[in-house]
Every structure is written in structure tokens, then in C-alpha cells.
$ cat protein_11.csv   # CSV, C-alpha atoms
chain,number,residue,atom,x,y,z
A,74,MET,CA,33.2,-36.5,-54.8
A,75,ALA,CA,30.9,-38.4,-52.5
A,76,TYR,CA,33.9,-39.2,-50.3
A,77,TRP,CA,34.8,-35.6,-49.8
A,78,ILE,CA,31.2,-34.6,-49.1
A,79,LEU,CA,30.3,-37.4,-46.7
A,80,GLY,CA,33.8,-38.2,-45.4
A,81,GLY,CA,35.0,-34.6,-45.1
A,82,TRP,CA,31.9,-33.4,-43.3
A,83,PHE,CA,29.7,-36.1,-41.7
A,84,VAL,CA,32.2,-38.9,-41.2
A,85,GLY,CA,35.0,-36.5,-40.1
A,86,HIS,CA,32.8,-35.3,-37.2
A,87,VAL,CA,30.8,-38.5,-36.5
A,88,TYR,CA,32.7,-38.9,-33.2
A,89,ASP,CA,31.3,-35.6,-32.0
A,90,TYR,CA,27.8,-36.9,-31.9
A,91,SER,CA,26.0,-39.5,-29.7
A,92,LEU,CA,25.6,-43.0,-30.9
A,93,LEU,CA,21.8,-42.7,-31.0
A,94,LEU,CA,21.9,-39.6,-33.2
A,95,VAL,CA,24.3,-41.3,-35.6
A,96,PHE,CA,22.1,-44.4,-35.8
A,97,LEU,CA,18.9,-42.3,-36.4
A,98,GLY,CA,20.7,-40.2,-39.1
A,99,GLY,CA,21.9,-43.4,-40.9
A,100,LEU,CA,18.5,-44.9,-40.7
A,101,ALA,CA,17.0,-41.8,-42.3
A,102,PHE,CA,19.5,-42.0,-45.1
A,103,VAL,CA,18.7,-45.7,-45.7
A,104,PHE,CA,14.9,-44.9,-45.9
A,105,LEU,CA,15.7,-42.0,-48.3
A,106,VAL,CA,17.7,-43.9,-50.8
A,107,SER,CA,15.3,-46.9,-50.5
A,108,GLU,CA,12.5,-44.6,-51.6
A,109,ILE,CA,14.6,-43.2,-54.4
A,110,GLY,CA,15.4,-46.8,-55.5
A,111,TRP,CA,11.8,-47.8,-55.4
A,112,ARG,CA,10.7,-44.9,-57.6
A,113,LEU,CA,13.4,-45.6,-60.1
A,114,GLY,CA,12.5,-49.3,-60.2
A,115,THR,CA,8.8,-48.7,-60.8
A,116,ARG,CA,9.7,-46.2,-63.6
A,117,SER,CA,12.1,-48.7,-65.3
A,118,GLU,CA,9.7,-51.7,-65.1
A,119,GLY,CA,9.8,-53.8,-68.1
A,120,HIS,CA,13.3,-52.9,-69.3
A,121,GLY,CA,14.7,-56.3,-68.2
A,122,ALA,CA,17.4,-54.8,-65.9
A,123,SER,CA,16.5,-57.0,-62.9
A,124,GLY,CA,19.3,-59.5,-63.6
A,125,ASN,CA,22.0,-56.8,-63.9
A,126,ILE,CA,20.9,-55.2,-60.7
A,127,SER,CA,20.9,-58.6,-58.9
A,128,ALA,CA,24.5,-59.2,-60.0
A,129,LEU,CA,25.6,-55.7,-58.9
A,130,GLU,CA,23.8,-56.3,-55.6
A,131,GLN,CA,25.7,-59.5,-54.9
A,132,SER,CA,29.0,-57.8,-55.7
A,133,LEU,CA,28.2,-55.0,-53.3
A,134,LEU,CA,27.3,-57.5,-50.6
A,135,GLY,CA,30.7,-59.0,-50.9
A,136,LEU,CA,32.4,-55.6,-50.8
A,137,LEU,CA,30.3,-54.6,-47.8
A,138,ALA,CA,31.3,-57.8,-46.0
A,139,LEU,CA,35.0,-57.2,-46.6
A,140,ILE,CA,34.7,-53.6,-45.4
A,141,VAL,CA,32.9,-54.7,-42.2
A,142,GLY,CA,35.6,-57.3,-41.5
A,143,PHE,CA,38.4,-54.8,-41.9
A,144,THR,CA,36.5,-52.3,-39.8
A,145,PHE,CA,36.0,-54.7,-36.9
A,146,LEU,CA,39.6,-55.7,-37.1
A,147,MET,CA,40.8,-52.1,-36.9
A,148,ALA,CA,38.3,-51.3,-34.1
A,149,LEU,CA,39.5,-54.3,-32.0
A,150,THR,CA,43.2,-53.4,-32.6
A,151,ARG,CA,42.5,-49.9,-31.4
A,152,PHE,CA,40.6,-51.1,-28.4
A,153,GLU,CA,43.5,-53.3,-27.3
A,154,THR,CA,46.0,-50.5,-27.8
A,155,ARG,CA,43.9,-48.1,-25.7
A,156,ARG,CA,43.5,-50.7,-22.9
A,157,GLU,CA,47.2,-51.4,-22.9
A,158,ALA,CA,47.9,-47.6,-22.8
A,159,VAL,CA,45.7,-47.3,-19.7
A,160,LEU,CA,47.5,-50.2,-17.9
A,161,ASN,CA,50.9,-48.9,-18.8
A,162,GLU,CA,50.1,-45.4,-17.5
A,163,ALA,CA,48.7,-46.8,-14.2
A,164,ASN,CA,51.8,-48.9,-13.7
A,165,ALA,CA,54.0,-45.9,-14.4
A,166,ILE,CA,52.2,-43.7,-11.9
A,167,GLY,CA,52.4,-46.5,-9.2
A,168,THR,CA,56.1,-47.0,-9.8
A,169,THR,CA,56.8,-43.3,-9.7
A,170,ALA,CA,54.9,-43.0,-6.4
A,171,LEU,CA,56.9,-45.9,-4.9
A,172,ARG,CA,60.2,-44.4,-5.9
A,173,ALA,CA,59.2,-40.9,-4.8
A,174,ARG,CA,59.1,-42.4,-1.2
A,175,LEU,CA,62.9,-42.9,-1.5
A,176,LEU,CA,63.5,-39.1,-2.0
A,177,PRO,CA,64.7,-36.9,0.8
A,178,GLU,CA,62.4,-34.3,2.4
A,179,PRO,CA,60.9,-31.9,1.4
A,180,PHE,CA,61.0,-33.4,-2.1
A,181,ARG,CA,59.3,-36.6,-1.0
A,182,THR,CA,56.2,-34.9,0.4
A,183,GLU,CA,55.8,-32.5,-2.4
A,184,SER,CA,56.2,-35.2,-5.1
A,185,LEU,CA,53.8,-37.6,-3.5
A,186,LYS,CA,51.2,-34.7,-3.2
A,187,LEU,CA,51.5,-34.0,-6.9
A,188,LEU,CA,51.3,-37.6,-7.8
A,189,ARG,CA,48.1,-38.1,-5.7
A,190,GLU,CA,46.5,-35.2,-7.5
A,191,TYR,CA,47.6,-36.6,-10.8
A,192,ALA,CA,46.1,-40.0,-10.1
A,193,GLN,CA,42.9,-38.5,-8.7
A,194,LEU,CA,42.4,-36.5,-11.9
A,195,ARG,CA,42.3,-39.8,-13.8
A,196,VAL,CA,39.7,-41.2,-11.4
A,197,ASP,CA,37.4,-38.2,-11.3
A,198,TYR,CA,36.8,-37.9,-15.0
A,199,ILE,CA,35.5,-41.5,-15.4
A,200,PRO,CA,31.9,-40.6,-14.4
A,201,THR,CA,31.7,-38.0,-17.1
A,202,GLY,CA,31.6,-40.7,-19.7
A,203,LYS,CA,34.2,-38.9,-21.9
A,204,SER,CA,37.7,-40.0,-22.8
A,205,LEU,CA,40.9,-38.3,-21.5
A,206,ALA,CA,41.4,-36.7,-25.0
A,207,GLU,CA,38.0,-35.0,-24.8
A,208,LEU,CA,38.9,-33.1,-21.6
A,209,PRO,CA,41.5,-30.5,-22.5
A,210,SER,CA,41.4,-28.9,-19.1
A,211,LEU,CA,42.3,-32.2,-17.5
A,212,VAL,CA,45.2,-32.7,-20.0
A,213,GLU,CA,46.4,-29.1,-19.3
A,214,ARG,CA,46.4,-29.7,-15.5
A,215,SER,CA,48.2,-33.0,-16.0
A,216,ASN,CA,50.9,-31.2,-18.0
A,217,LYS,CA,51.3,-28.6,-15.3
A,218,ILE,CA,51.8,-31.4,-12.8
A,219,HIS,CA,54.4,-32.9,-15.1
A,220,GLU,CA,56.2,-29.6,-15.1
A,221,ALA,CA,56.0,-29.2,-11.3
A,222,LEU,CA,57.4,-32.7,-10.8
A,223,TRP,CA,60.2,-32.0,-13.2
A,224,GLN,CA,61.1,-28.8,-11.3
A,225,GLN,CA,61.2,-30.9,-8.1
A,226,VAL,CA,63.6,-33.3,-9.9
A,227,LYS,CA,65.8,-30.4,-11.1
A,228,ALA,CA,66.1,-28.9,-7.6
A,229,LEU,CA,66.8,-32.4,-6.1
A,230,SER,CA,69.5,-33.1,-8.8
A,231,ALA,CA,71.3,-29.9,-7.9
A,232,LYS,CA,71.6,-31.0,-4.3
A,233,ASP,CA,71.9,-34.8,-4.7
A,234,ASN,CA,72.6,-36.6,-8.0
A,235,ASN,CA,72.7,-40.1,-6.4
A,236,MET,CA,71.7,-42.6,-9.0
A,237,VAL,CA,69.7,-44.9,-6.7
A,238,PRO,CA,66.8,-42.6,-5.5
A,239,THR,CA,67.1,-39.6,-7.8
A,240,GLY,CA,68.1,-41.4,-11.0
A,241,LEU,CA,65.4,-44.1,-10.7
A,242,PHE,CA,62.8,-41.5,-9.9
A,243,ILE,CA,63.7,-39.5,-13.0
A,244,GLN,CA,63.5,-42.6,-15.2
A,245,THR,CA,60.0,-43.5,-14.0
A,246,LEU,CA,58.8,-39.9,-14.2
A,247,ASN,CA,59.9,-39.8,-17.9
A,248,GLU,CA,58.0,-43.0,-18.5
A,249,MET,CA,54.9,-41.6,-16.8
A,250,ILE,CA,55.0,-38.4,-19.0
A,251,ASP,CA,55.6,-40.5,-22.1
A,252,ASN,CA,52.7,-42.9,-21.3
A,253,GLN,CA,50.2,-40.0,-21.1
A,254,ALA,CA,51.3,-38.9,-24.6
A,255,LYS,CA,50.9,-42.5,-25.9
A,256,ARG,CA,47.5,-42.8,-24.3
A,257,LEU,CA,46.3,-39.6,-25.9
A,258,ALA,CA,47.6,-40.7,-29.2
A,259,ALA,CA,45.8,-44.0,-28.9
A,260,LEU,CA,42.5,-42.3,-27.9
A,261,GLN,CA,42.7,-40.0,-31.0
A,262,ASN,CA,43.5,-42.8,-33.4
A,263,TYR,CA,40.1,-43.4,-34.9
A,264,ILE,CA,39.1,-45.6,-37.8
A,265,PRO,CA,40.1,-43.8,-41.0
A,266,ASP,CA,37.4,-41.7,-42.6
A,267,LEU,CA,37.9,-43.6,-45.9
A,268,TYR,CA,36.7,-46.9,-44.4
A,269,SER,CA,33.7,-45.2,-42.7
A,270,CYS,CA,32.7,-43.4,-45.8
A,271,CYS,CA,33.1,-46.5,-48.1
A,272,PHE,CA,30.9,-48.5,-45.6
A,273,LEU,CA,28.2,-45.8,-45.6
A,274,GLU,CA,28.2,-45.3,-49.4
A,275,SER,CA,28.2,-49.1,-50.0
A,276,ARG,CA,25.3,-49.6,-47.6
A,277,LEU,CA,23.2,-46.8,-49.1
A,278,LEU,CA,23.8,-48.0,-52.6
A,279,LEU,CA,23.0,-51.6,-51.6
A,280,ALA,CA,19.7,-50.4,-50.1
A,281,ALA,CA,18.8,-48.5,-53.2
A,282,LEU,CA,19.6,-51.4,-55.6
A,283,ARG,CA,17.7,-53.9,-53.5
A,284,VAL,CA,14.5,-51.8,-53.4
A,285,MET,CA,15.0,-50.8,-57.0
A,286,ARG,CA,15.0,-54.5,-58.0
A,287,ALA,CA,11.9,-55.0,-55.9
A,288,GLY,CA,10.3,-52.1,-57.8
A,289,LEU,CA,11.2,-53.6,-61.1
A,290,THR,CA,9.4,-56.8,-60.3
A,291,ARG,CA,6.6,-55.1,-58.4
A,292,SER,CA,7.4,-57.1,-55.3
A,293,GLY,CA,7.6,-55.5,-51.9
A,294,ALA,CA,8.8,-58.6,-50.2
A,295,GLU,CA,12.4,-57.6,-50.3
A,296,CYS,CA,12.0,-54.1,-49.1
A,297,PRO,CA,12.3,-55.0,-45.4
A,298,LEU,CA,15.6,-56.8,-46.1
A,299,THR,CA,17.3,-53.5,-46.6
A,300,LEU,CA,17.3,-52.8,-42.8
A,301,PRO,CA,19.1,-55.8,-41.2
A,302,PRO,CA,22.5,-55.2,-43.0
A,303,PHE,CA,22.4,-51.6,-41.7
$ encode --input "protein_11.csv" --output "C-alpha cells"
Amino acid sequence: MAYWILGGWFVGHVYDYSLLLVFLGGLAFVFLVSEIGWRLGTRSEGHGASGNISALEQSLLGLLALIVGFTFLMALTRFETRREAVLNEANAIGTTALRARLLPEPFRTESLKLLREYAQLRVDYIPTGKSLAELPSLVERSNKIHEALWQQVKALSAKDNNMVPTGLFIQTLNEMIDNQAKRLAALQNYIPDLYSCCFLESRLLLAALRVMRAGLTRSGAECPLTLPPF
């Protein structure tokens, strides 16, 4: 149930919020469950449950370390995939522009004009701080340029189906279109909600248990230790 509540609502939309807001929200959750754990610990003082809580706490630390390791591995893999997608798309645009110079007029001029606009779109959005997948208007304009370039190819093929200039241009144009789709897929491939939710739940439960154990022993020395793992 907790997965569907946290994973389906908060974690499923975590990428829509700024990093600072997510951090402050998580910090507030940690303080909340720490307060709950402290109150439960002080109420249960004298029941001899400190040893059991300590064992459970150590188990959760091991689980949390495993989740963090898998999360970093998945994040690094996705970062490398996205960087490779950007490089492949840039190479495809450059190769398409070079081969467009082999086309006869007026197809050469019109194709190069469209390719310049296509490349400029990818340069202009960088200062916005958003990814390509977060700018639907830019993706829509890119798709229109794809269609315009394809119409140029169709008109050229009807007049000249020479494999050297026309066929090579068609090949790289297909690669350029495919590389945009691959890049968008890589940008939208986030870490699964299950891992994010398990990390959040484990972290909150660990904070509650650690402070609860401190409450059982009436020792506040361990309370600050709930923050560094966060």
C-alpha cells in the first residue's frame, strides 16, 4: 500500500519538481518519522525491545546500502546512454548536412536551410536548463523539419534516383530521424519508481527505528545520526 501511495503519487512525479524542493520535502519526512519514533520509544521504555530494534536497524542499513548501489548503477548507465544519444544525433546531423551538399539545386539549398534550423533548435534550448523531452514545441518543430526534408527527398527521387548523392542522403536522413527518437527515449527512461519508493521507505523506517532506540534508552546522542544517511 505504501508503494502505491508514495510511488504512484510522489515518486511518479518527483522529476516535475526542483531538486531543492524534493530535498526539503524529504528532510521534512525524516524529521516527522524521527519525532514519531522518539515518542514511540519513550512510551515503550523498559520493555527490553532495544536489542530487537538494533538488529532490525542493521538489516535495514544493509538493504539501504544495496538499494543505493543499484540506484547509482542505474543512474550512471542512463547518463552514459543519454550522452551517447546526444553524440550520435550530432554526428548524424553533421553527416546529413555534408551529404546534402552533394544534392542538385534547388534541393541542396532548401535541405541545408532546414538542417541549419534543425541544429539551431538544439543549441537554443540549452540555456533553458530543460531537456529535449521537456520541450514539446521543440520536438514538434523538429518533426515538421523531418517531414519537410522527407518531402525534399521524395521530390528529388522522382527526378534523380542516383544512388550516390540521393541514396546516401536518404540513408543519413533516416539515421538522423531515428537518433532523435532514441534520444527522446533515453531522456524519458528514468529510474523505476519501485527503487525510488523502496529507498524512501527504507530511509524513513531507518530514521524512525534509530530514534526509537534512542528513546528506549533515553539517549539523544544517536538522534543526529539519522540525517547523514539521508
$ atom_distance --input "protein_11.csv" --atom1 "CA of Tyr198 in chain A" --atom2 "CA of Phe145 in chain A"
27.6 Å
$ atom_distance --input "protein_11.csv" --atom1 "CA of Gly98 in chain A" --atom2 "CA of Arg276 in chain A"
13.5 Å
$ closest_residue --input "protein_11.csv" --among "A:Gln131, A:Thr201, A:Thr239, A:Asn216" --to "Asp251 in chain A" --atoms "only C-alpha atoms"
A:Asn216
$ residues_around --input "protein_11.csv" --residues "range 166-171 of chain A" --least-positions-apart "2" --cutoff "12 Å" --atoms "only C-alpha atoms" --output "MDAnalysis selection string"
chainID A and resid 159:164 173:176 181:193 195 219 222 238:253
$ atom_distance --input "protein_11.csv" --atom1 "CA of Ala280 in chain A" --atom2 "CA of Ser107 in chain A"
5.6 Å
$ closest_residue --input "protein_11.csv" --among "A:Ala158, A:Leu277, A:Leu282, A:Leu205" --to "Phe104 in chain A" --atoms "only C-alpha atoms"
A:Leu277
